[in-house]
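coords_5.txt (compact mmCIF, C-alpha atoms) appears below.
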```txt
# COMPACT_ATOMS: atom_id res chain seq x y z
CA MET A 225 -62.87 10.08 -103.02
CA SER A 226 -64.34 7.92 -100.25
CA PHE A 227 -62.30 6.26 -97.51
CA GLU A 228 -62.73 3.03 -99.42
CA ASP A 229 -61.19 4.66 -102.48
CA LEU A 230 -58.34 5.93 -100.32
CA ARG A 231 -57.85 2.46 -98.88
CA ALA A 232 -57.51 1.02 -102.36
CA ALA A 233 -54.95 3.68 -103.33
CA LEU A 234 -52.56 3.12 -100.41
CA SER A 235 -49.92 0.57 -99.56
CA GLY A 236 -50.56 1.17 -95.86
CA ARG A 237 -53.71 0.69 -93.79
CA VAL A 238 -56.88 2.76 -93.44
CA LEU A 239 -58.85 2.10 -90.26
CA LEU A 240 -62.33 3.47 -89.64
CA PRO A 241 -64.36 3.69 -86.41
CA GLY A 242 -65.82 0.34 -85.49
CA GLU A 243 -63.23 -1.66 -87.42
CA GLU A 244 -60.90 -4.06 -85.68
CA GLY A 245 -57.71 -2.30 -84.65
CA PHE A 246 -59.11 1.22 -84.94
CA GLU A 247 -59.14 2.03 -81.22
CA ALA A 248 -55.58 0.85 -80.72
CA ALA A 249 -54.37 2.75 -83.79
CA ALA A 250 -56.08 5.97 -82.68
CA GLN A 251 -54.72 5.77 -79.13
CA PRO A 252 -51.84 8.20 -78.52
CA TRP A 253 -48.88 7.56 -76.24
CA ASN A 254 -50.67 9.20 -73.33
CA THR A 255 -53.51 6.77 -72.71
CA ALA A 256 -55.41 9.42 -70.74
CA VAL A 257 -56.07 11.24 -74.05
CA ARG A 258 -58.85 10.13 -76.38
CA GLN A 259 -58.80 10.76 -80.13
CA PRO A 260 -62.18 9.92 -81.73
CA VAL A 261 -60.89 10.73 -85.19
CA ALA A 262 -62.67 10.13 -88.49
CA ALA A 263 -60.02 7.66 -89.68
CA VAL A 264 -56.51 6.45 -88.95
CA VAL A 265 -54.06 5.96 -91.79
CA GLU A 266 -50.87 4.02 -91.19
CA ALA A 267 -48.68 5.17 -94.07
CA ALA A 268 -46.24 2.75 -95.63
CA ASP A 269 -44.23 5.41 -97.45
CA ALA A 270 -44.14 9.06 -98.52
CA ALA A 271 -46.44 8.30 -101.47
CA ASP A 272 -49.12 7.22 -99.00
CA VAL A 273 -48.68 10.50 -97.13
CA ALA A 274 -49.17 12.48 -100.32
CA ALA A 275 -52.31 10.53 -101.19
CA VAL A 276 -53.80 11.12 -97.74
CA VAL A 277 -53.21 14.87 -97.93
CA GLN A 278 -54.70 15.03 -101.43
CA HIS A 279 -57.77 13.13 -100.17
CA ALA A 280 -58.15 15.45 -97.18
CA ALA A 281 -57.83 18.59 -99.30
CA ALA A 282 -60.52 17.33 -101.67
CA ALA A 283 -62.83 16.24 -98.83
CA GLY A 284 -62.39 19.38 -96.74
CA VAL A 285 -61.06 17.59 -93.67
CA GLN A 286 -57.86 18.02 -91.71
CA VAL A 287 -54.83 15.74 -91.39
CA VAL A 288 -52.92 15.43 -88.12
CA ALA A 289 -49.60 13.60 -88.26
CA GLN A 290 -48.51 11.67 -85.17
CA PRO A 291 -45.55 9.35 -85.75
CA THR A 292 -45.55 8.02 -82.16
CA GLY A 293 -48.44 9.88 -80.53
CA HIS A 294 -46.32 11.77 -78.01
CA GLY A 295 -47.68 15.23 -77.31
CA ALA A 296 -51.25 14.40 -78.36
CA THR A 297 -53.94 16.59 -76.78
CA GLY A 298 -57.20 15.34 -78.27
CA GLY A 299 -59.85 17.48 -79.97
CA LEU A 300 -59.43 15.82 -83.36
CA ASP A 301 -62.96 14.50 -83.86
CA THR A 302 -63.26 15.15 -87.62
CA ALA A 303 -59.61 14.75 -88.60
CA ILE A 304 -57.67 11.99 -90.31
CA LEU A 305 -54.95 10.77 -87.97
CA LEU A 306 -51.84 10.00 -89.99
CA ARG A 307 -49.39 7.55 -88.45
CA THR A 308 -45.91 7.60 -90.02
CA GLY A 309 -44.22 5.18 -87.64
CA ARG A 310 -43.34 2.82 -90.49
CA LEU A 311 -41.16 5.51 -92.08
CA ASN A 312 -38.40 4.68 -89.60
CA GLN A 313 -35.27 4.35 -91.73
CA ILE A 314 -32.02 5.69 -90.25
CA HIS A 315 -28.76 6.47 -92.05
CA VAL A 316 -25.69 7.98 -90.40
CA ASP A 317 -22.97 9.67 -92.42
CA PRO A 318 -20.04 9.82 -89.97
CA GLU A 319 -17.81 11.84 -92.28
CA GLN A 320 -20.38 14.59 -92.75
CA ARG A 321 -21.67 14.11 -89.17
CA LEU A 322 -25.23 13.91 -90.44
CA ALA A 323 -28.19 11.66 -89.73
CA ARG A 324 -30.93 11.12 -92.30
CA VAL A 325 -34.04 9.60 -90.78
CA GLY A 326 -37.63 8.90 -91.67
CA SER A 327 -40.39 10.61 -89.75
CA GLY A 328 -41.10 7.46 -87.72
CA ALA A 329 -37.59 7.11 -86.29
CA GLN A 330 -37.29 7.17 -82.50
CA TRP A 331 -34.43 8.69 -80.56
CA GLY A 332 -33.17 5.47 -79.02
CA ALA A 333 -32.56 3.90 -82.43
CA VAL A 334 -30.94 7.09 -83.75
CA GLN A 335 -28.63 7.31 -80.75
CA ALA A 336 -27.59 3.68 -81.20
CA ALA A 337 -26.70 4.35 -84.84
CA ALA A 338 -24.89 7.62 -84.09
CA GLY A 339 -23.08 6.26 -81.04
CA ALA A 340 -21.46 3.56 -83.11
CA HIS A 341 -19.46 6.36 -84.75
CA GLY A 342 -18.70 8.35 -81.59
CA LEU A 343 -21.46 10.85 -82.37
CA THR A 344 -24.72 11.94 -80.75
CA GLY A 345 -27.89 13.69 -81.76
CA LEU A 346 -29.57 16.28 -79.57
CA ALA A 347 -31.79 13.70 -77.91
CA GLY A 348 -34.02 14.19 -74.91
CA SER A 349 -34.63 11.97 -71.93
CA SER A 350 -36.79 9.26 -73.55
CA PRO A 351 -35.55 6.72 -76.11
CA VAL A 352 -39.04 6.12 -77.53
CA VAL A 353 -39.95 9.71 -78.37
CA GLY A 354 -40.10 10.29 -82.11
CA VAL A 355 -37.38 12.46 -83.61
CA THR A 356 -39.75 14.37 -85.89
CA GLY A 357 -42.38 15.68 -83.48
CA TYR A 358 -39.74 16.43 -80.87
CA THR A 359 -37.65 18.39 -83.38
CA LEU A 360 -40.55 20.29 -84.95
CA GLY A 361 -41.38 21.58 -81.46
CA GLY A 362 -37.80 22.67 -80.76
CA GLY A 363 -36.56 19.70 -78.77
CA GLN A 364 -34.83 20.24 -75.41
CA SER A 365 -31.85 17.90 -75.24
CA TRP A 366 -29.56 16.83 -72.43
CA PHE A 367 -26.96 18.58 -74.59
CA GLY A 368 -29.01 21.69 -75.36
CA ARG A 369 -26.98 23.88 -73.03
CA LYS A 370 -23.99 23.10 -75.25
CA TYR A 371 -25.56 23.01 -78.72
CA GLY A 372 -28.98 24.64 -78.43
CA TRP A 373 -32.36 23.42 -79.63
CA ALA A 374 -32.57 20.22 -81.65
CA SER A 375 -34.55 22.07 -84.31
CA ASP A 376 -31.57 24.28 -85.09
CA ALA A 377 -29.48 21.21 -85.94
CA VAL A 378 -31.75 20.34 -88.88
CA ARG A 379 -30.24 20.81 -92.33
CA ALA A 380 -33.13 19.57 -94.51
CA PHE A 381 -36.72 18.35 -94.34
CA GLU A 382 -38.50 15.98 -96.69
CA ILE A 383 -42.12 17.10 -96.70
CA VAL A 384 -45.53 16.77 -98.28
CA ASP A 385 -47.21 20.17 -98.52
CA ALA A 386 -50.89 21.04 -98.09
CA THR A 387 -51.62 20.20 -101.75
CA GLY A 388 -50.10 16.73 -101.42
CA THR A 389 -46.91 17.67 -103.27
CA PRO A 390 -43.57 16.23 -102.02
CA ALA A 391 -40.62 18.59 -101.62
CA ARG A 392 -37.20 18.90 -100.03
CA VAL A 393 -36.91 22.00 -97.86
CA THR A 394 -33.59 23.62 -96.96
CA ALA A 395 -32.39 27.09 -95.99
CA GLU A 396 -31.60 27.69 -99.65
CA SER A 397 -34.65 26.15 -101.33
CA ASP A 398 -37.38 27.62 -99.10
CA PRO A 399 -36.01 29.79 -96.29
CA GLU A 400 -39.38 30.82 -94.82
CA LEU A 401 -40.77 27.30 -94.54
CA PHE A 402 -37.41 25.99 -93.33
CA TRP A 403 -37.44 28.62 -90.58
CA ALA A 404 -41.01 27.75 -89.53
CA LEU A 405 -40.42 24.00 -89.40
CA ARG A 406 -37.43 24.43 -87.10
CA GLY A 407 -39.34 24.87 -83.85
CA GLY A 408 -42.65 26.24 -85.11
CA GLY A 409 -44.51 22.94 -84.85
CA GLY A 410 -46.11 20.64 -87.40
CA ASP A 411 -48.69 23.04 -88.75
CA PHE A 412 -47.05 23.85 -92.09
CA ALA A 413 -46.31 20.54 -93.84
CA ILE A 414 -46.24 16.80 -93.19
CA VAL A 415 -42.62 15.86 -92.57
CA THR A 416 -41.69 12.47 -94.01
CA GLY A 417 -37.97 12.68 -93.26
CA LEU A 418 -35.28 14.98 -91.97
CA GLU A 419 -31.55 15.44 -92.06
CA PHE A 420 -29.77 16.86 -89.02
CA GLU A 421 -26.32 17.50 -87.65
CA LEU A 422 -24.64 15.10 -85.22
CA PHE A 423 -22.09 16.14 -82.62
CA PRO A 424 -18.91 14.59 -81.20
CA ALA A 425 -19.48 12.38 -78.16
CA PRO A 426 -16.06 11.66 -76.62
CA GLY A 427 -17.97 10.27 -73.67
CA ILE A 428 -21.02 10.78 -71.47
CA TYR A 429 -21.09 10.67 -67.70
CA GLY A 430 -24.37 10.82 -65.84
CA GLY A 431 -27.10 9.13 -63.91
CA ARG A 432 -29.62 9.64 -61.13
CA VAL A 433 -29.03 9.93 -57.38
CA MET A 434 -32.01 9.69 -55.02
CA TRP A 435 -32.23 10.52 -51.29
CA PRO A 436 -34.98 10.45 -48.66
CA GLY A 437 -37.22 13.51 -48.67
CA ALA A 438 -35.61 14.76 -45.45
CA LYS A 439 -32.62 15.74 -47.59
CA THR A 440 -34.64 18.02 -49.88
CA ALA A 441 -33.23 21.37 -48.75
CA GLU A 442 -29.69 20.01 -48.75
CA VAL A 443 -30.04 18.51 -52.22
CA PHE A 444 -31.55 21.66 -53.67
CA ALA A 445 -28.75 23.78 -52.21
CA LEU A 446 -26.28 21.47 -53.93
CA PHE A 447 -28.27 21.71 -57.17
CA GLN A 448 -27.93 25.49 -57.04
CA ARG A 449 -24.23 25.29 -56.26
CA ILE A 450 -23.45 22.88 -59.11
CA THR A 451 -25.56 24.67 -61.72
CA ALA A 452 -24.14 28.08 -60.82
CA ALA A 453 -20.71 26.94 -62.00
CA ALA A 454 -21.74 24.29 -64.54
CA PRO A 455 -20.06 24.31 -67.95
CA ASP A 456 -22.43 24.17 -70.90
CA GLU A 457 -21.64 20.47 -71.33
CA LEU A 458 -23.33 19.66 -68.00
CA THR A 459 -27.10 19.53 -67.44
CA VAL A 460 -28.66 18.84 -64.04
CA TRP A 461 -32.33 18.43 -63.12
CA PHE A 462 -33.70 18.53 -59.57
CA GLN A 463 -36.84 16.63 -58.70
CA ARG A 464 -39.13 15.59 -55.90
CA PHE A 465 -40.74 12.26 -56.66
CA GLN A 466 -43.66 10.55 -54.90
CA PRO A 467 -45.17 7.41 -56.42
CA PRO A 468 -48.92 7.01 -55.80
CA GLY A 469 -49.50 5.58 -52.33
CA ALA A 470 -46.00 6.35 -51.09
CA PRO A 471 -46.05 8.03 -47.65
CA ALA A 472 -43.52 10.72 -48.56
CA ALA A 473 -41.63 12.19 -51.51
CA LEU A 474 -38.06 11.32 -52.39
CA VAL A 475 -35.61 13.88 -53.74
CA GLY A 476 -33.06 13.43 -56.49
CA LEU A 477 -30.79 14.85 -59.15
CA ASP A 478 -30.58 13.69 -62.78
CA CYS A 479 -27.32 14.58 -64.51
CA ALA A 480 -25.66 14.30 -67.91
CA TYR A 481 -22.21 15.54 -68.92
CA LEU A 482 -21.06 15.42 -72.55
CA GLY A 483 -17.30 14.98 -72.61
CA ASP A 484 -14.53 13.04 -70.91
CA PRO A 485 -16.24 10.86 -68.26
CA GLU A 486 -13.49 11.58 -65.75
CA THR A 487 -14.23 15.30 -65.98
CA GLY A 488 -17.92 14.55 -65.53
CA ARG A 489 -17.15 12.48 -62.47
CA GLU A 490 -15.18 15.36 -60.97
CA LEU A 491 -17.92 17.88 -61.72
CA LEU A 492 -20.48 15.70 -59.93
CA ALA A 493 -18.27 14.51 -57.07
CA ALA A 494 -20.00 16.99 -54.78
CA LEU A 495 -23.05 14.71 -54.75
CA ASP A 496 -21.06 12.43 -52.45
CA GLU A 497 -21.17 15.16 -49.78
CA ILE A 498 -24.80 14.25 -49.04
CA ASP A 499 -24.96 10.91 -47.29
CA GLY A 500 -27.84 8.46 -47.12
CA ALA A 501 -28.43 8.06 -50.86
CA ILE A 502 -31.08 5.46 -51.62
CA SER A 503 -29.79 4.84 -55.14
CA ASP A 504 -26.94 6.11 -57.31
CA THR A 505 -26.65 5.20 -60.99
CA ARG A 506 -23.83 7.60 -61.88
CA GLY A 507 -21.30 6.27 -64.34
CA THR A 508 -20.17 6.29 -67.95
CA VAL A 509 -23.21 6.18 -70.22
CA ALA A 510 -23.13 4.87 -73.78
CA VAL A 511 -24.72 7.19 -76.33
CA ALA A 512 -27.25 4.47 -77.10
CA ASP A 513 -28.21 4.31 -73.41
CA LEU A 514 -28.84 8.00 -72.85
CA GLY A 515 -32.50 7.24 -72.12
CA THR A 516 -31.58 5.16 -69.07
CA ILE A 517 -30.66 8.23 -66.99
CA THR A 518 -34.25 9.05 -66.08
CA ALA A 519 -35.58 5.51 -66.70
CA GLU A 520 -38.84 6.86 -68.14
CA PRO A 521 -41.56 4.37 -69.13
CA THR A 522 -41.12 2.94 -72.60
CA ASP A 523 -44.71 1.72 -72.87
CA PRO A 524 -47.78 3.96 -73.26
CA SER A 525 -49.22 5.18 -69.97
CA PRO A 526 -51.74 7.75 -68.69
CA GLY A 527 -50.29 11.06 -67.61
CA VAL A 528 -51.14 14.68 -66.89
CA SER A 529 -48.15 16.97 -67.42
CA HIS A 530 -47.57 20.70 -67.26
CA ALA A 531 -44.58 22.98 -67.75
CA GLU A 532 -43.75 26.58 -66.90
CA LEU A 533 -40.66 28.72 -67.28
CA LEU A 534 -39.41 30.12 -63.98
CA THR A 535 -37.98 33.62 -63.95
CA ARG A 536 -36.54 33.35 -60.43
CA LEU A 537 -36.45 31.17 -57.33
CA ASP A 538 -36.97 33.44 -54.34
CA ALA A 539 -37.75 32.35 -50.79
CA GLU A 540 -41.49 31.98 -51.40
CA ALA A 541 -40.96 29.98 -54.60
CA LEU A 542 -38.60 27.65 -52.75
CA ARG A 543 -41.10 27.18 -49.95
CA VAL A 544 -43.77 26.18 -52.48
CA LEU A 545 -41.51 23.89 -54.49
CA LEU A 546 -39.51 22.31 -51.67
CA GLU A 547 -41.92 22.17 -48.75
CA ASP A 548 -45.47 21.99 -50.09
CA PRO A 549 -46.85 18.49 -50.76
CA VAL A 550 -46.05 16.74 -54.03
CA ALA A 551 -49.04 14.37 -53.98
CA PRO A 552 -51.29 13.79 -55.82
CA LEU A 553 -48.63 14.72 -58.41
CA MET A 554 -45.81 12.22 -58.91
CA THR A 555 -43.07 14.64 -59.94
CA VAL A 556 -42.12 18.23 -59.28
CA GLN A 557 -39.03 18.82 -61.38
CA ILE A 558 -36.81 21.86 -61.93
CA ARG A 559 -34.62 21.74 -65.05
CA HIS A 560 -31.58 23.97 -65.33
CA LEU A 561 -31.57 25.79 -68.69
CA GLY A 562 -29.22 28.54 -69.88
CA GLY A 563 -26.17 28.09 -72.05
CA ALA A 564 -26.88 27.83 -75.76
CA LEU A 565 -30.64 27.53 -75.09
CA ALA A 566 -30.61 31.17 -73.99
CA ARG A 567 -28.34 32.61 -76.66
CA PRO A 568 -29.56 34.05 -79.98
CA ARG A 569 -28.41 31.93 -82.91
CA ALA A 570 -27.37 33.09 -86.33
CA ASN A 571 -29.78 31.59 -88.87
CA GLY A 572 -31.86 30.01 -86.09
CA GLY A 573 -35.38 28.70 -86.51
CA ALA A 574 -38.70 29.69 -84.98
CA CYS A 575 -37.82 28.31 -81.54
CA VAL A 576 -36.74 31.52 -79.85
CA PRO A 577 -34.03 31.68 -77.15
CA VAL A 578 -35.20 31.09 -73.58
CA ALA A 579 -33.90 33.67 -71.13
CA GLU A 580 -35.57 32.06 -68.12
CA PRO A 581 -33.04 30.07 -66.06
CA TYR A 582 -35.29 27.14 -65.11
CA LEU A 583 -38.14 25.04 -66.44
CA LEU A 584 -40.68 23.65 -63.99
CA TYR A 585 -42.14 20.30 -65.05
CA LEU A 586 -45.09 18.75 -63.20
CA LEU A 587 -46.34 15.21 -63.81
CA GLY A 588 -49.16 13.13 -62.37
CA LEU A 589 -50.87 9.89 -63.29
CA GLY A 590 -53.87 10.31 -65.57
CA LEU A 591 -55.98 7.59 -63.96
CA PRO A 592 -59.73 8.31 -63.72
CA ASP A 593 -59.70 8.80 -59.94
CA LEU A 594 -56.59 10.98 -60.04
CA ILE A 595 -57.03 13.28 -63.04
CA GLU A 596 -59.05 15.97 -61.28
CA PRO A 597 -56.96 15.97 -58.05
CA VAL A 598 -53.78 16.12 -60.15
CA ARG A 599 -55.11 19.04 -62.18
CA ALA A 600 -56.20 20.84 -59.02
CA ARG A 601 -52.78 20.40 -57.39
CA ARG A 602 -51.09 21.59 -60.56
CA ALA A 603 -53.27 24.71 -60.60
CA GLU A 604 -52.48 25.39 -56.93
CA LEU A 605 -48.75 25.22 -57.55
CA VAL A 606 -48.89 27.46 -60.60
CA ALA A 607 -51.06 29.99 -58.77
CA ALA A 608 -48.68 29.99 -55.79
CA LEU A 609 -45.81 30.83 -58.15
CA ASP A 610 -47.59 33.84 -59.63
CA GLY A 611 -45.06 36.51 -60.54
CA ARG A 612 -42.27 33.94 -60.81
CA ILE A 613 -43.35 32.28 -64.05
CA SER A 614 -43.09 34.00 -67.40
CA GLY A 615 -46.30 32.68 -68.94
CA ARG A 616 -44.53 31.44 -72.04
CA LYS A 617 -42.99 28.04 -72.67
CA PRO A 618 -41.17 26.16 -75.43
CA TYR A 619 -43.52 24.67 -78.02
CA THR A 620 -42.39 21.17 -77.13
CA PHE A 621 -43.74 21.67 -73.57
CA LEU A 622 -47.19 22.98 -74.47
CA GLY A 623 -50.05 21.19 -72.70
CA GLY A 624 -53.68 20.45 -73.46
CA ALA A 625 -54.98 23.87 -72.34
CA ASP A 626 -52.31 25.82 -74.23
CA THR A 627 -52.24 27.32 -77.69
CA ALA A 628 -49.17 28.02 -79.78
CA ALA A 629 -49.39 31.66 -78.64
CA ALA A 630 -47.83 30.56 -75.34
CA ALA A 631 -44.65 29.50 -77.16
CA PHE A 632 -43.82 32.55 -79.24
CA ASP A 633 -43.47 36.29 -78.96
CA ALA A 634 -45.90 38.41 -80.97
CA GLU A 635 -43.52 39.01 -83.87
CA THR A 636 -42.63 35.33 -84.25
CA LEU A 637 -46.25 34.24 -83.98
CA ALA A 638 -47.33 36.76 -86.62
CA ARG A 639 -44.64 35.50 -88.98
CA LEU A 640 -45.70 31.87 -88.40
CA ARG A 641 -49.32 32.76 -89.10
CA GLU A 642 -48.37 34.48 -92.35
CA ILE A 643 -46.48 31.37 -93.46
CA LYS A 644 -49.40 29.14 -92.48
CA GLN A 645 -51.85 31.30 -94.42
CA ALA A 646 -49.61 31.33 -97.48
CA ARG A 647 -48.81 27.59 -97.46
CA ASP A 648 -52.09 26.12 -96.17
CA PRO A 649 -54.91 28.66 -96.57
CA LYS A 650 -57.61 25.99 -96.20
CA SER A 651 -55.98 24.60 -93.03
CA VAL A 652 -55.73 21.07 -94.37
CA LEU A 653 -52.83 20.33 -92.02
CA ARG A 654 -53.12 20.61 -88.27
CA ALA A 655 -50.63 20.24 -85.46
CA ASN A 656 -51.53 19.41 -81.86
CA PHE A 657 -51.18 23.14 -81.10
CA PRO A 658 -52.16 25.01 -84.29
CA VAL A 659 -50.46 28.37 -84.84
CA LEU A 660 -53.83 29.74 -85.90
CA GLY A 661 -55.46 28.52 -82.68
```

Written as structure tokens, that's how I'd like the structure from this file.
Amino acid sequence: MSFEDLRAALSGRVLLPGEEGFEAAAQPWNTAVRQPVAAVVEAADAADVAAVVQHAAAAGVQVVAQPTGHGATGGLDTAILLRTGRLNQIHVDPEQRLARVGSGAQWGAVQAAAGAHGLTGLAGSSPVVGVTGYTLGGGQSWFGRKYGWASDAVRAFEIVDATGTPARVTAESDPELFWALRGGGGDFAIVTGLEFELFPAPGIYGGRVMWPGAKTAEVFALFQRITAAAPDELTVWFQRFQPPGAPAALVGLDCAYLGDPETGRELLAALDEIDGAISDTRGTVAVADLGTITAEPTDPSPGVSHAELLTRLDAEALRVLLEDPVAPLMTVQIRHLGGALARPRANGGACVPVAEPYLLYLLGLGLPDLIEPVRARRAELVAALDGRISGRKPYTFLGGADTAAAAFDAETLARLREIKQARDPKSVLRANFPVLG
């Protein structure tokens, strides 16, 4: 079957190189990444997805699904890029506390639907990140310290397998594939929909407080004090932030507490001990507005990001992270982990518990004149922290130079590879970070 035959068989669009709209359709969320793929298919429904996989299997090419394009790394020159953004239906069952969503649904829309019933999903910091890719990679939520990885909240997947056959996957119907899909990435099937647990949201209190960089040591000491006694319902991130061209970095704390807002206010009252705040957005946050805490861009932009798990923060690590320059990076962020993220779960998925207490997240602009300086600064920071980073990281935080081996221990990776070989021996389906890579 040619691409023209495929085009005639689909309800959605097939775009080929050189055709109007192809470049825009192939562009991922991170505009610094290029994807010169063989074709882009914008699926209209699950039947389109099945037809694309059947075509790819017959033609000997790979299919890479990207509902929103977050997490794209490039290197897909001969693949078919499958966009499932149109599969964005959302249904909330408040009695069962379940959400059923299509693979194109984004977290902001899901949170709005769940919040109307006093419920929340295990959403992250951005309202425009797709639920599916985020969840397949594990998904670190503001509420992960309380409820664990988003992938473990999944109760069912609607998929198309490597032969183009639709199926519903649950713990009972296909326990091995169900395990792999919950945190093992998108290398095993094309997910067209998923069903996941929602959690009570009696209230949310949170926001961002920013101070001048001169307050860095004081703010970090407070960060350590708050997180040392934080209940699992409270998540706090520390960051140094320096926009391009700014003469110095600012320092701030991002916070989210799931529970009675008055309790959250009391837990974060210590932030008032540091005077001179430049901005303070703390307050009651609607479930639908969870993404406003960090105010991340909601339009595509160029970026270079990197994450590492920190095993400890000794004096030398603190000197590097608190005193060394931020620029040409924009953000040096330390996320407090622990809680349910670190605990083994009965009947958990492939996303293994994280014992490390902190995640380091580095971000710089991916503009042509900044990419190499940003990468060099990132490498300097990581090298300076040698012995204080574990070398592994959650799948959802893998970067362009990583493989899936960085996300899993040897036993888990071997099991994932066995499932991949059994379910997709010809490697028709490919994730951004293949488990066989």

### Query
Between CA of Thr255 in chain A and CA of Gly410 in chain A, what is the spacing in Å?
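Pair CA of Gly410 in chain A / CA of Thr255 in chain A returns 21.5 Å.
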
### Task
Can you work out which one of A:Phe657, A:Phe621, A:Phe420, A:Tyr585 has the shortest atom-to-atom distance to Arg464 in chain A, counting all atoms listed in the file?
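For Arg464 in chain A, the nearest of the given residues is A:Tyr585.
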
With all atoms of range 644-647 of chain A from the file as input, state the centre and edge lengths in Å to one decimal of the axis-aligned box that has 3 Å extra on each side, as lines of an AutoDock Vina configuration file.
```
center_x = -50.3
center_y = 29.5
center_z = -95.0
size_x = 9.0
size_y = 9.7
size_z = 11.0
```

### Message
Just the number, please: distance in Å from CA of Leu514 in chain A to CA of Tyr619 in chain A, one decimal.
### Response
22.8 Å

#### Entry: Best match for closeness to Ala248 in chain A among A:Gly407, A:Ala425, A:Leu640, A:Pro524, counting only C-alpha atoms
A:Pro524

### Message
Residues near Thr292 in chain A, anyone? I mean within 8 Å using all atoms listed in the file, not counting same-chain ones fewer than 4 positions away, as number ranges by chain.
### Response
A: 252-253, 307-309, 328, 353-354

### Task
Kindly indicate which residue among A:Ala395, A:Val475, A:Ala631, A:Val659 lies nearest to Gly573 in chain A, using all atoms listed in the file for the distances.
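Comparing A:Ala395, A:Val475, A:Ala631, A:Val659 against Gly573 in chain A, the winner is A:Ala395.
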
### Task
Would you mind telling me which residue in A:Lys644, A:Arg321, A:Arg639, A:Lys439 lies nearest to Ile502 in chain A when using all atoms listed in the file?
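The shortest atom-to-atom distance to Ile502 in chain A comes from A:Lys439.
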
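Compared by their closest atoms to Asp456 in chain A, and using only C-alpha atoms, the residues A:Phe412, A:Gly562, A:Ile517, A:Val325 rank with A:Gly562 nearest.
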
### Message
Counting all atoms listed in the file, which residues sit no farther than 9 Å from the position (-22.8, 23.2, -77.9) in the file's frame? I'd like them as a PyMOL selection string.
### Response
chain A and resi 367-372+423+456-457+563-564
